[in-house]
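J.: Sharing data.txt, compact mmCIF, C-alpha atoms:
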```txt
# COMPACT_ATOMS: atom_id res chain seq x y z
CA MET G 29 26.69 -4.57 -19.98
CA ARG G 30 26.38 -8.34 -20.08
CA VAL G 31 23.07 -10.06 -20.75
CA PHE G 32 21.91 -13.56 -21.51
CA GLN G 33 19.54 -13.79 -24.45
CA MET G 34 18.31 -16.24 -27.04
CA THR G 35 18.33 -15.43 -30.72
CA GLN G 36 16.78 -18.82 -31.42
CA PHE G 37 14.74 -21.14 -29.23
CA GLY G 38 16.56 -23.90 -27.35
CA LEU G 39 18.81 -24.03 -24.30
CA GLU G 40 21.83 -24.28 -26.57
CA HIS G 41 20.95 -20.84 -27.96
CA LEU G 42 20.86 -19.11 -24.57
CA LYS G 43 24.12 -17.16 -24.77
CA SER G 44 25.95 -14.27 -23.17
CA ALA G 45 26.03 -11.01 -25.14
CA GLU G 46 27.06 -7.39 -24.74
CA GLN G 47 24.49 -4.60 -24.92
CA PRO G 48 24.64 -0.86 -24.15
CA GLU G 49 23.63 0.07 -20.61
CA PRO G 50 20.05 1.43 -20.63
CA VAL G 51 19.62 5.21 -20.56
CA VAL G 52 17.34 6.58 -17.85
CA THR G 53 14.25 8.43 -19.11
CA PRO G 54 11.42 10.25 -17.25
CA GLY G 55 9.41 7.99 -14.96
CA MET G 56 11.89 5.13 -15.30
CA VAL G 57 14.26 3.46 -12.84
CA LEU G 58 17.67 1.94 -13.63
CA ILE G 59 18.39 -1.17 -11.58
CA ARG G 60 21.68 -2.95 -11.12
CA VAL G 61 20.54 -6.56 -10.99
CA HIS G 62 22.05 -8.65 -8.20
CA ALA G 63 20.07 -11.89 -8.49
CA VAL G 64 17.56 -13.62 -10.75
CA SER G 65 15.44 -16.66 -9.92
CA LEU G 66 14.06 -19.22 -12.35
CA ASN G 67 10.49 -20.32 -12.90
CA TYR G 68 9.30 -23.20 -15.05
CA ARG G 69 7.83 -20.57 -17.36
CA ASP G 70 11.35 -19.28 -18.03
CA LEU G 71 12.45 -22.73 -19.15
CA LEU G 72 9.45 -22.98 -21.48
CA VAL G 73 10.21 -19.52 -22.88
CA VAL G 74 13.80 -20.44 -23.73
CA LYS G 75 12.77 -23.76 -25.28
CA GLY G 76 10.10 -22.07 -27.41
CA GLN G 77 7.24 -23.94 -25.76
CA TYR G 78 5.67 -20.96 -24.00
CA ASN G 79 5.12 -18.74 -27.02
CA PRO G 80 6.59 -20.13 -30.26
CA LYS G 81 5.73 -16.82 -31.98
CA MET G 82 7.70 -14.71 -29.49
CA GLN G 83 9.75 -12.00 -31.13
CA LEU G 84 13.48 -12.68 -30.82
CA PRO G 85 16.06 -11.90 -29.58
CA ARG G 86 14.72 -11.93 -26.03
CA ILE G 87 16.29 -11.65 -22.59
CA PRO G 88 14.47 -14.23 -20.41
CA CYS G 89 13.50 -14.40 -16.73
CA SER G 90 10.68 -12.53 -15.02
CA ASP G 91 12.10 -12.54 -11.49
CA GLY G 92 14.98 -10.46 -10.24
CA ALA G 93 16.16 -8.20 -7.44
CA GLY G 94 18.66 -5.38 -7.47
CA GLU G 95 19.65 -1.90 -6.40
CA VAL G 96 18.30 1.34 -7.84
CA VAL G 97 21.31 3.18 -9.29
CA ALA G 98 19.56 6.02 -11.17
CA VAL G 99 16.06 7.48 -11.50
CA GLY G 100 14.47 9.54 -14.25
CA ASP G 101 12.69 12.87 -13.93
CA GLY G 102 9.43 12.70 -12.03
CA VAL G 103 10.21 9.49 -10.12
CA GLY G 104 9.04 9.75 -6.52
CA GLN G 105 8.21 6.21 -5.39
CA VAL G 106 11.80 4.96 -5.12
CA LYS G 107 15.23 6.53 -4.79
CA VAL G 108 18.84 5.67 -5.56
CA GLY G 109 20.04 2.98 -3.17
CA ASP G 110 16.65 1.28 -2.68
CA ARG G 111 16.64 -2.51 -2.95
CA VAL G 112 13.81 -3.55 -5.24
CA CYS G 113 12.24 -6.33 -7.28
CA GLY G 114 10.54 -5.95 -10.62
CA ILE G 115 6.88 -6.98 -10.71
CA PHE G 116 5.93 -9.80 -13.07
CA MET G 117 3.31 -7.90 -15.08
CA GLN G 118 4.51 -4.35 -15.40
CA ARG G 119 0.96 -3.00 -15.94
CA TRP G 120 -0.98 -4.97 -13.31
CA LEU G 121 -0.79 -2.63 -10.36
CA ASP G 122 -4.07 -3.30 -8.56
CA GLY G 123 -7.60 -4.61 -9.02
CA PRO G 124 -8.71 -7.49 -11.24
CA LEU G 125 -6.58 -8.67 -14.14
CA THR G 126 -7.58 -7.37 -17.57
CA ALA G 127 -6.31 -8.10 -21.06
CA GLU G 128 -4.43 -4.80 -21.08
CA LYS G 129 -2.85 -5.40 -17.66
CA SER G 130 -1.70 -8.87 -18.72
CA LYS G 131 0.61 -7.40 -21.35
CA ALA G 132 4.24 -6.42 -20.69
CA ALA G 133 5.12 -9.48 -18.58
CA LEU G 134 8.87 -9.53 -17.97
CA GLY G 135 10.82 -12.19 -19.82
CA GLY G 136 7.95 -12.77 -22.22
CA ASP G 137 6.20 -9.79 -23.77
CA VAL G 138 9.28 -7.66 -23.01
CA ASP G 139 12.90 -8.36 -22.09
CA GLY G 140 13.42 -9.86 -18.67
CA MET G 141 15.86 -9.65 -15.79
CA LEU G 142 18.80 -11.82 -16.88
CA ALA G 143 21.04 -8.80 -17.40
CA GLU G 144 23.44 -6.69 -15.38
CA TYR G 145 21.15 -3.65 -15.65
CA VAL G 146 17.42 -3.27 -16.41
CA LEU G 147 15.27 -0.19 -16.96
CA LEU G 148 11.75 -0.40 -15.52
CA SER G 149 8.90 1.98 -14.80
CA GLU G 150 8.79 3.23 -11.22
CA ASP G 151 5.34 1.58 -11.01
CA GLY G 152 6.93 -1.69 -12.05
CA VAL G 153 9.17 -2.12 -9.00
CA VAL G 154 8.59 -2.73 -5.28
CA ARG G 155 10.93 -2.57 -2.30
CA PHE G 156 11.45 -5.92 -0.63
CA PRO G 157 11.78 -6.71 3.11
CA GLU G 158 15.05 -5.56 4.66
CA HIS G 159 15.91 -8.93 6.23
CA LEU G 160 16.09 -10.66 2.83
CA SER G 161 19.19 -11.10 0.72
CA TYR G 162 19.06 -10.27 -2.99
CA GLU G 163 19.03 -14.00 -3.73
CA GLU G 164 16.01 -14.54 -1.47
CA ALA G 165 14.18 -11.48 -2.78
CA ALA G 166 14.64 -12.61 -6.37
CA THR G 167 12.32 -15.56 -5.66
CA LEU G 168 9.33 -13.37 -4.79
CA PRO G 169 7.85 -11.78 -7.96
CA CYS G 170 6.35 -14.88 -9.58
CA ALA G 171 6.38 -17.87 -7.21
CA GLY G 172 5.79 -15.88 -4.04
CA VAL G 173 3.03 -13.66 -5.41
CA THR G 174 1.36 -16.63 -7.14
CA ALA G 175 1.14 -18.57 -3.88
CA TRP G 176 -0.04 -15.46 -2.02
CA ASN G 177 -2.77 -14.85 -4.61
CA ALA G 178 -3.92 -18.48 -4.52
CA LEU G 179 -4.29 -18.46 -0.74
CA HIS G 180 -5.44 -14.92 0.02
CA TYR G 181 -7.51 -14.09 -3.05
CA GLY G 182 -8.27 -17.22 -5.04
CA GLY G 183 -9.90 -15.19 -7.78
CA ASN G 184 -12.29 -12.28 -8.00
CA PRO G 185 -14.09 -11.81 -5.68
CA ALA G 186 -11.44 -12.73 -3.13
CA ARG G 187 -11.78 -16.02 -1.30
CA PRO G 188 -9.20 -16.01 1.51
CA LEU G 189 -7.99 -19.23 3.11
CA HIS G 190 -9.38 -19.95 6.59
CA PRO G 191 -7.25 -21.34 9.44
CA ASP G 192 -9.43 -24.47 9.77
CA GLU G 193 -8.97 -25.47 6.12
CA THR G 194 -6.68 -28.06 4.55
CA VAL G 195 -4.35 -27.10 1.69
CA LEU G 196 -2.81 -29.63 -0.67
CA ILE G 197 0.50 -28.72 -2.30
CA GLN G 198 1.96 -30.65 -5.23
CA GLY G 199 5.70 -31.22 -5.19
CA THR G 200 8.34 -29.01 -3.62
CA GLY G 201 9.00 -26.36 -6.24
CA GLY G 202 8.88 -22.63 -5.69
CA VAL G 203 5.12 -22.01 -5.67
CA SER G 204 4.38 -25.09 -3.56
CA ILE G 205 6.97 -24.25 -0.90
CA PHE G 206 5.76 -20.64 -0.70
CA ALA G 207 2.20 -21.97 -0.35
CA LEU G 208 3.35 -24.19 2.50
CA GLN G 209 5.01 -21.25 4.27
CA PHE G 210 2.10 -18.86 3.76
CA ALA G 211 -0.58 -21.41 4.69
CA LYS G 212 1.23 -22.21 7.95
CA LEU G 213 1.35 -18.49 8.75
CA LEU G 214 -2.44 -18.56 8.47
CA GLY G 215 -2.69 -21.60 10.76
CA ALA G 216 -3.98 -23.97 8.08
CA ARG G 217 -3.27 -27.67 7.77
CA VAL G 218 -0.99 -28.48 4.82
CA ILE G 219 -0.64 -31.85 3.14
CA GLY G 220 1.52 -32.55 0.13
CA THR G 221 2.81 -34.92 -2.52
CA SER G 222 6.34 -35.55 -3.76
CA SER G 223 8.33 -38.21 -5.59
CA SER G 224 11.05 -38.06 -2.92
CA GLU G 225 11.04 -39.14 0.71
CA GLU G 226 13.98 -36.80 1.30
CA LYS G 227 12.01 -33.83 -0.01
CA LEU G 228 9.01 -34.81 2.09
CA ALA G 229 11.25 -34.92 5.16
CA ARG G 230 12.43 -31.38 4.44
CA ALA G 231 8.84 -30.27 3.99
CA TYR G 232 7.92 -31.85 7.35
CA SER G 233 10.63 -29.73 8.98
CA MET G 234 8.87 -26.65 7.55
CA GLY G 235 5.47 -27.60 8.93
CA LEU G 236 3.96 -30.02 6.40
CA ASN G 237 1.41 -32.04 8.35
CA THR G 238 1.50 -35.19 6.25
CA GLY G 239 2.85 -36.23 2.88
CA CYS G 240 2.50 -38.83 0.16
CA ASN G 241 5.15 -40.27 -2.17
CA TYR G 242 3.25 -40.40 -5.45
CA ARG G 243 5.70 -42.89 -6.93
CA GLU G 244 4.59 -45.35 -4.29
CA ARG G 245 0.94 -44.26 -4.43
CA PRO G 246 0.18 -43.06 -7.97
CA GLU G 247 -3.50 -42.63 -7.06
CA TRP G 248 -2.63 -39.96 -4.52
CA SER G 249 -6.15 -38.51 -4.66
CA ARG G 250 -7.32 -41.54 -2.67
CA TRP G 251 -4.63 -40.78 -0.09
CA VAL G 252 -5.97 -37.21 0.20
CA THR G 253 -9.45 -38.60 0.87
CA GLU G 254 -8.07 -40.94 3.53
CA VAL G 255 -6.09 -38.30 5.46
CA THR G 256 -9.01 -35.85 5.41
CA ASP G 257 -11.51 -38.33 6.86
CA GLY G 258 -13.24 -38.76 3.53
CA LEU G 259 -13.79 -35.04 2.97
CA GLY G 260 -11.00 -33.99 0.61
CA ALA G 261 -8.82 -30.87 0.58
CA ASP G 262 -10.35 -27.40 0.83
CA ARG G 263 -7.82 -25.80 -1.50
CA ILE G 264 -5.47 -27.47 -3.96
CA ILE G 265 -2.35 -25.74 -5.27
CA GLU G 266 -2.46 -27.35 -8.71
CA VAL G 267 0.91 -26.93 -10.41
CA GLY G 268 1.00 -30.18 -12.38
CA GLY G 269 -1.37 -29.32 -15.19
CA ALA G 270 -3.24 -31.79 -17.37
CA GLY G 271 -1.43 -34.81 -15.94
CA THR G 272 -2.62 -34.13 -12.38
CA PHE G 273 -5.77 -32.07 -12.87
CA GLY G 274 -8.14 -35.05 -12.86
CA GLN G 275 -6.78 -36.29 -9.54
CA SER G 276 -6.98 -32.78 -8.11
CA LEU G 277 -10.68 -32.71 -8.92
CA ARG G 278 -11.13 -36.05 -7.18
CA ALA G 279 -9.05 -34.91 -4.19
CA ALA G 280 -11.03 -31.71 -3.57
CA ARG G 281 -13.80 -31.54 -1.01
CA VAL G 282 -17.37 -30.47 -1.77
CA GLU G 283 -17.31 -26.73 -2.61
CA GLY G 284 -13.53 -26.81 -2.52
CA MET G 285 -11.23 -24.85 -4.80
CA VAL G 286 -8.59 -25.93 -7.28
CA ALA G 287 -6.10 -23.12 -7.86
CA GLN G 288 -4.85 -23.96 -11.35
CA ILE G 289 -1.34 -22.56 -11.64
CA GLY G 290 1.15 -24.66 -13.57
CA VAL G 291 1.68 -27.18 -16.34
CA LEU G 292 4.65 -29.14 -14.98
CA SER G 293 3.20 -32.45 -16.15
CA GLY G 294 2.27 -31.13 -19.58
CA ALA G 295 -0.57 -29.34 -21.32
CA THR G 296 -2.48 -32.43 -22.47
CA SER G 297 -3.93 -35.22 -20.36
CA PRO G 298 -2.68 -38.80 -20.86
CA GLU G 299 -6.20 -40.06 -20.26
CA PRO G 300 -9.73 -38.74 -20.79
CA LEU G 301 -10.58 -36.06 -18.25
CA ALA G 302 -13.78 -36.59 -16.25
CA LEU G 303 -15.33 -33.24 -15.42
CA THR G 304 -18.19 -34.62 -13.34
CA PRO G 305 -16.45 -33.89 -9.99
CA ILE G 306 -16.74 -30.18 -10.78
CA LEU G 307 -20.50 -30.57 -11.02
CA HIS G 308 -21.13 -33.08 -8.26
CA LYS G 309 -18.91 -31.27 -5.75
CA GLN G 310 -19.72 -27.75 -6.94
CA LEU G 311 -16.01 -27.09 -7.22
CA ARG G 312 -14.43 -23.78 -8.05
CA VAL G 313 -11.58 -24.02 -10.53
CA GLN G 314 -9.67 -20.75 -10.48
CA GLY G 315 -6.80 -19.89 -12.78
CA ILE G 316 -4.01 -18.05 -10.95
CA TYR G 317 -1.72 -15.96 -13.14
CA VAL G 318 0.77 -14.49 -10.64
CA GLY G 319 -0.76 -11.30 -9.16
CA SER G 320 -0.75 -7.53 -8.94
CA ARG G 321 1.73 -5.07 -7.49
CA ALA G 322 -0.71 -4.48 -4.61
CA MET G 323 -0.65 -8.20 -3.78
CA PHE G 324 3.16 -8.14 -3.90
CA GLU G 325 3.27 -5.29 -1.39
CA GLN G 326 0.78 -6.99 0.94
CA MET G 327 2.82 -10.18 0.79
CA ASN G 328 6.00 -8.26 1.62
CA VAL G 329 4.40 -6.86 4.79
CA ALA G 330 3.52 -10.38 5.95
CA ILE G 331 7.01 -11.69 5.10
CA ALA G 332 8.63 -8.85 7.04
CA GLU G 333 6.39 -9.31 10.08
CA ALA G 334 7.04 -13.07 10.19
CA GLN G 335 10.74 -12.67 9.28
CA LEU G 336 10.09 -15.42 6.76
CA HIS G 337 12.90 -16.57 4.48
CA PRO G 338 12.25 -18.02 1.01
CA VAL G 339 13.86 -21.38 0.33
CA VAL G 340 16.75 -21.14 -2.12
CA ALA G 341 17.73 -24.53 -3.52
CA LYS G 342 20.94 -23.60 -5.32
CA VAL G 343 22.75 -20.46 -6.48
CA PHE G 344 24.56 -20.33 -9.82
CA ALA G 345 27.05 -17.72 -11.03
CA PHE G 346 25.97 -15.42 -13.87
CA GLU G 347 28.30 -17.24 -16.25
CA GLN G 348 26.51 -20.49 -15.36
CA ALA G 349 23.06 -19.24 -16.39
CA ARG G 350 22.54 -22.04 -18.89
CA ASP G 351 23.54 -24.61 -16.25
CA ALA G 352 20.86 -23.17 -13.98
CA PHE G 353 18.25 -23.82 -16.67
CA VAL G 354 19.51 -27.38 -17.12
CA HIS G 355 19.20 -27.87 -13.36
CA MET G 356 15.64 -26.52 -13.52
CA GLN G 357 14.88 -29.04 -16.27
CA SER G 358 16.10 -31.92 -14.07
CA ALA G 359 13.31 -31.16 -11.53
CA THR G 360 15.51 -32.24 -8.61
CA HIS G 361 15.43 -28.95 -6.70
CA PHE G 362 13.62 -28.09 -3.46
CA GLY G 363 12.55 -24.46 -3.49
CA LYS G 364 13.98 -21.90 -5.91
CA ILE G 365 16.97 -21.87 -8.28
CA VAL G 366 18.82 -18.55 -8.29
CA ILE G 367 21.44 -16.94 -10.55
CA ARG G 368 23.71 -14.43 -8.85
CA VAL G 369 24.28 -11.62 -11.37
CA ALA G 370 26.36 -9.26 -9.22
CA ALA G 371 27.86 -9.51 -5.76
CA ALA G 372 26.02 -7.55 -3.05
```
Is it possible to express this structure as structure tokens?

T.:
Amino acid sequence: MRVFQMTQFGLEHLKSAEQPEPVVTPGMVLIRVHAVSLNYRDLLVVKGQYNPKMQLPRIPCSDGAGEVVAVGDGVGQVKVGDRVCGIFMQRWLDGPLTAEKSKAALGGDVDGMLAEYVLLSEDGVVRFPEHLSYEEAATLPCAGVTAWNALHYGGNPARPLHPDETVLIQGTGGVSIFALQFAKLLGARVIGTSSSEEKLARAYSMGLNTGCNYRERPEWSRWVTEVTDGLGADRIIEVGGAGTFGQSLRAARVEGMVAQIGVLSGATSPEPLALTPILHKQLRVQGIYVGSRAMFEQMNVAIAEAQLHPVVAKVFAFEQARDAFVHMQSATHFGKIVIRVAAA
């Protein structure tokens, strides 16, 4: 079978290779992969910036969808022919995250989905809604579940979003667009930032209530205060990292929550970070590291009921996998970048 793997870090070292097709063993499920979607984490993994000590070679990508083509002895949760996704953390099935559950993340601790066939535990896969294509389903495991966790749980204990609250999304990448879709399902008000008027216009068509071009207004936290009548946002989907975290603290309302998810702007702040807003506003800063299988299944029920479709920005052929990563690096996409591994 064909795979894409890196034997060294760097996009130039992400190359196609041939490997034996996995052999089904008890409790395991063989999946013919149809589509894989990219997350910023995948780009960092390939470039060696996520875990420079990662054991190589490694097949990247945590998110994929495919068809079950064989099952091992004792498998009862899925059957041949089922359309499934792999879950991000193969051991986080339910309940709070623990150190043990955080291990075995696809495309990091273990080989990922950028292959024609993958072998996963039956506990490590979920069926996805019937109305979704493989390309759409491939966007769910990381970005979808992360947004769902941030809005419906927000940590432990759970702190679900209320319909009368205001959510701030940053940019128009995968997590932010899922957060927009899920927050609107809950009836919340959603405001957002972007560097592009065109992207903001697309977000408006999806229900964004108001937006801010942060190239024109670099101090977008002041804009948040203005459009919320001086109160600030109830929940902030913080995907920027150190470069935006300070403004997120200033943009949050008293007793609001900052769901810290990504590091798109880098891991270090360009200026000293003032932590006083956390104290003065009694803010809750909650790290969100994807979510459990149980969250994934709950999200799928809501997606099916609403007939919601994930936003796919662009689809690349399997042979163009490296081009897909380059496109991810350009940060020009709206929604999710997908690689089609096999035709449906």

J.: So which residues touch G:Cys170 within 7 Å, counting only C-alpha atoms, skipping near sequence neighbours fewer than 2 positions away, as a PDB file with C-alpha atoms, in the coordinates of the input?

T.:
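Now in part_18.pdb:
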```
ATOM      1  CA  ASP G  91      12.100 -12.540 -11.490  1.00  0.00           C
ATOM      2  CA  PHE G 116       5.930  -9.800 -13.070  1.00  0.00           C
ATOM      3  CA  LEU G 168       9.330 -13.370  -4.790  1.00  0.00           C
ATOM      4  CA  GLY G 172       5.790 -15.880  -4.040  1.00  0.00           C
ATOM      5  CA  VAL G 173       3.030 -13.660  -5.410  1.00  0.00           C
ATOM      6  CA  THR G 174       1.360 -16.630  -7.140  1.00  0.00           C
ATOM      7  CA  VAL G 318       0.770 -14.490 -10.640  1.00  0.00           C
TER       8      VAL G 318
END
```

J.: Would you list the residues near (21.8, -24.2, -26.3), meaning any protein, DNA or RNA residue with an atom at most 12 Å from that point in file coordinates, counting only C-alpha atoms, as a list in words?

T.: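 Checked against the point, the hits come out as Phe32, Gln33, Met34, Thr35, Gln36, Phe37, Gly38, Leu39, Glu40, His41, Leu42, Lys43, Ser44, Leu71, Val74, Lys75, Gly76, Ala349, Arg350, Asp351, Phe353 and Val354 of chain G.
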
J.: Nearest to G:Ser233: which of G:Gln118, G:Asn328, G:Thr304, G:Gln209 is it, counting only C-alpha atoms?

T.: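 Smallest separation from G:Ser233 among the options: G:Gln209.
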
J.: What does the structure give for the distance between atom CA of G:His180 and atom CA of G:Ala207, in Å to one decimal?

T.: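 Between atom CA of G:His180 and atom CA of G:Ala207 the gap is 10.4 Å.
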
J.: Quick one: of G:Ser130, G:Thr253, G:Asn67, G:Thr200, who's nearest to G:Gly363, counting all atoms listed in the file?

T.: G:Thr200

J.: Residues of stretch 241-261 of chain G that have any atom at most 8 Å from an atom of stretch 216-222 of chain G: could you tabulate them with the shortest-distance atom pair and the distance in Å to one decimal, using only C-alpha atoms, ordered by chain and increasing number, as CSV?

T.:
```
residue,atom,partner,partner_atom,distance
G:Asn241,CA,G:Ser222,CA,5.1
G:Tyr242,CA,G:Ser222,CA,6.0
G:Trp248,CA,G:Thr221,CA,7.7
```

J.: With all atoms listed in the file as the basis for distance, which of G:Val369, G:His361, G:Lys212, G:Val57 is at the shortest distance from G:Met29?

T.: G:Val369

J.: Would you list the contacts of G:Met56 as a list in words, taking every protein, DNA or RNA residue within 7 Å and counting all atoms listed in the file, but skipping same-chain residues closer than 5 positions in sequence?

T.: Val99, Gly100, Val103, Leu147, Leu148, Ser149 and Glu150 of chain G

J.: Got a sec: who's within 6 Å of G:His62, counting all atoms listed in the file, leaving out chain neighbours fewer than 5 positions off, as a PyMOL selection string?

T.: chain G and resi 93-94+369-370

J.: Kindly export the residues of the current selection with C-alpha atoms, as a tab-separated table (two decimals), in the coordinates of the input.

T.:
```tsv
chain	number	residue	atom	x	y	z
G	93	ALA	CA	16.16	-8.20	-7.44
G	94	GLY	CA	18.66	-5.38	-7.47
G	369	VAL	CA	24.28	-11.62	-11.37
G	370	ALA	CA	26.36	-9.26	-9.22
```

J.: Give the answer as one residue: which of G:Val313, G:Val195, G:Ala98, G:Arg155 has the shortest atom-to-atom distance to G:Ala261, using only C-alpha atoms?

T.: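 Looking only at the distances to G:Ala261, the closest residue turns out to be G:Val195.
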
J.: Record the distance separating atom CA of G:Ala165 and atom CA of G:Arg321, expressed in Å with one decimal.

T.: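 Separating atom CA of G:Ala165 from atom CA of G:Arg321 is a distance of 14.8 Å.
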
J.: So, with only C-alpha atoms as the atoms that count, which of G:Leu189, G:Leu336, G:Val291, G:Ile316 lies closest to G:Leu125?

T.: G:Ile316

J.: State, in Å with one decimal place, the distance from atom CA of G:Pro157 to atom CA of G:Lys342.

T.: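 Separation between atom CA of G:Pro157 and atom CA of G:Lys342: 21.0 Å.
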
J.: Using only C-alpha atoms, find the one residue out of G:Leu301, G:Ala178, G:Val252, G:Leu58 that sits nearest to G:Gly315.

T.: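 Result for the nearest residue to G:Gly315: G:Ala178.
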
J.: Please identify all polymer residues within 10 Å of G:His159, counting only C-alpha atoms, omitting same-chain residues fewer than 3 positions from it, and present them as JSON, numbers by chain.

T.: {"G": [156, 162, 164, 165, 331, 332, 335, 336, 337]}
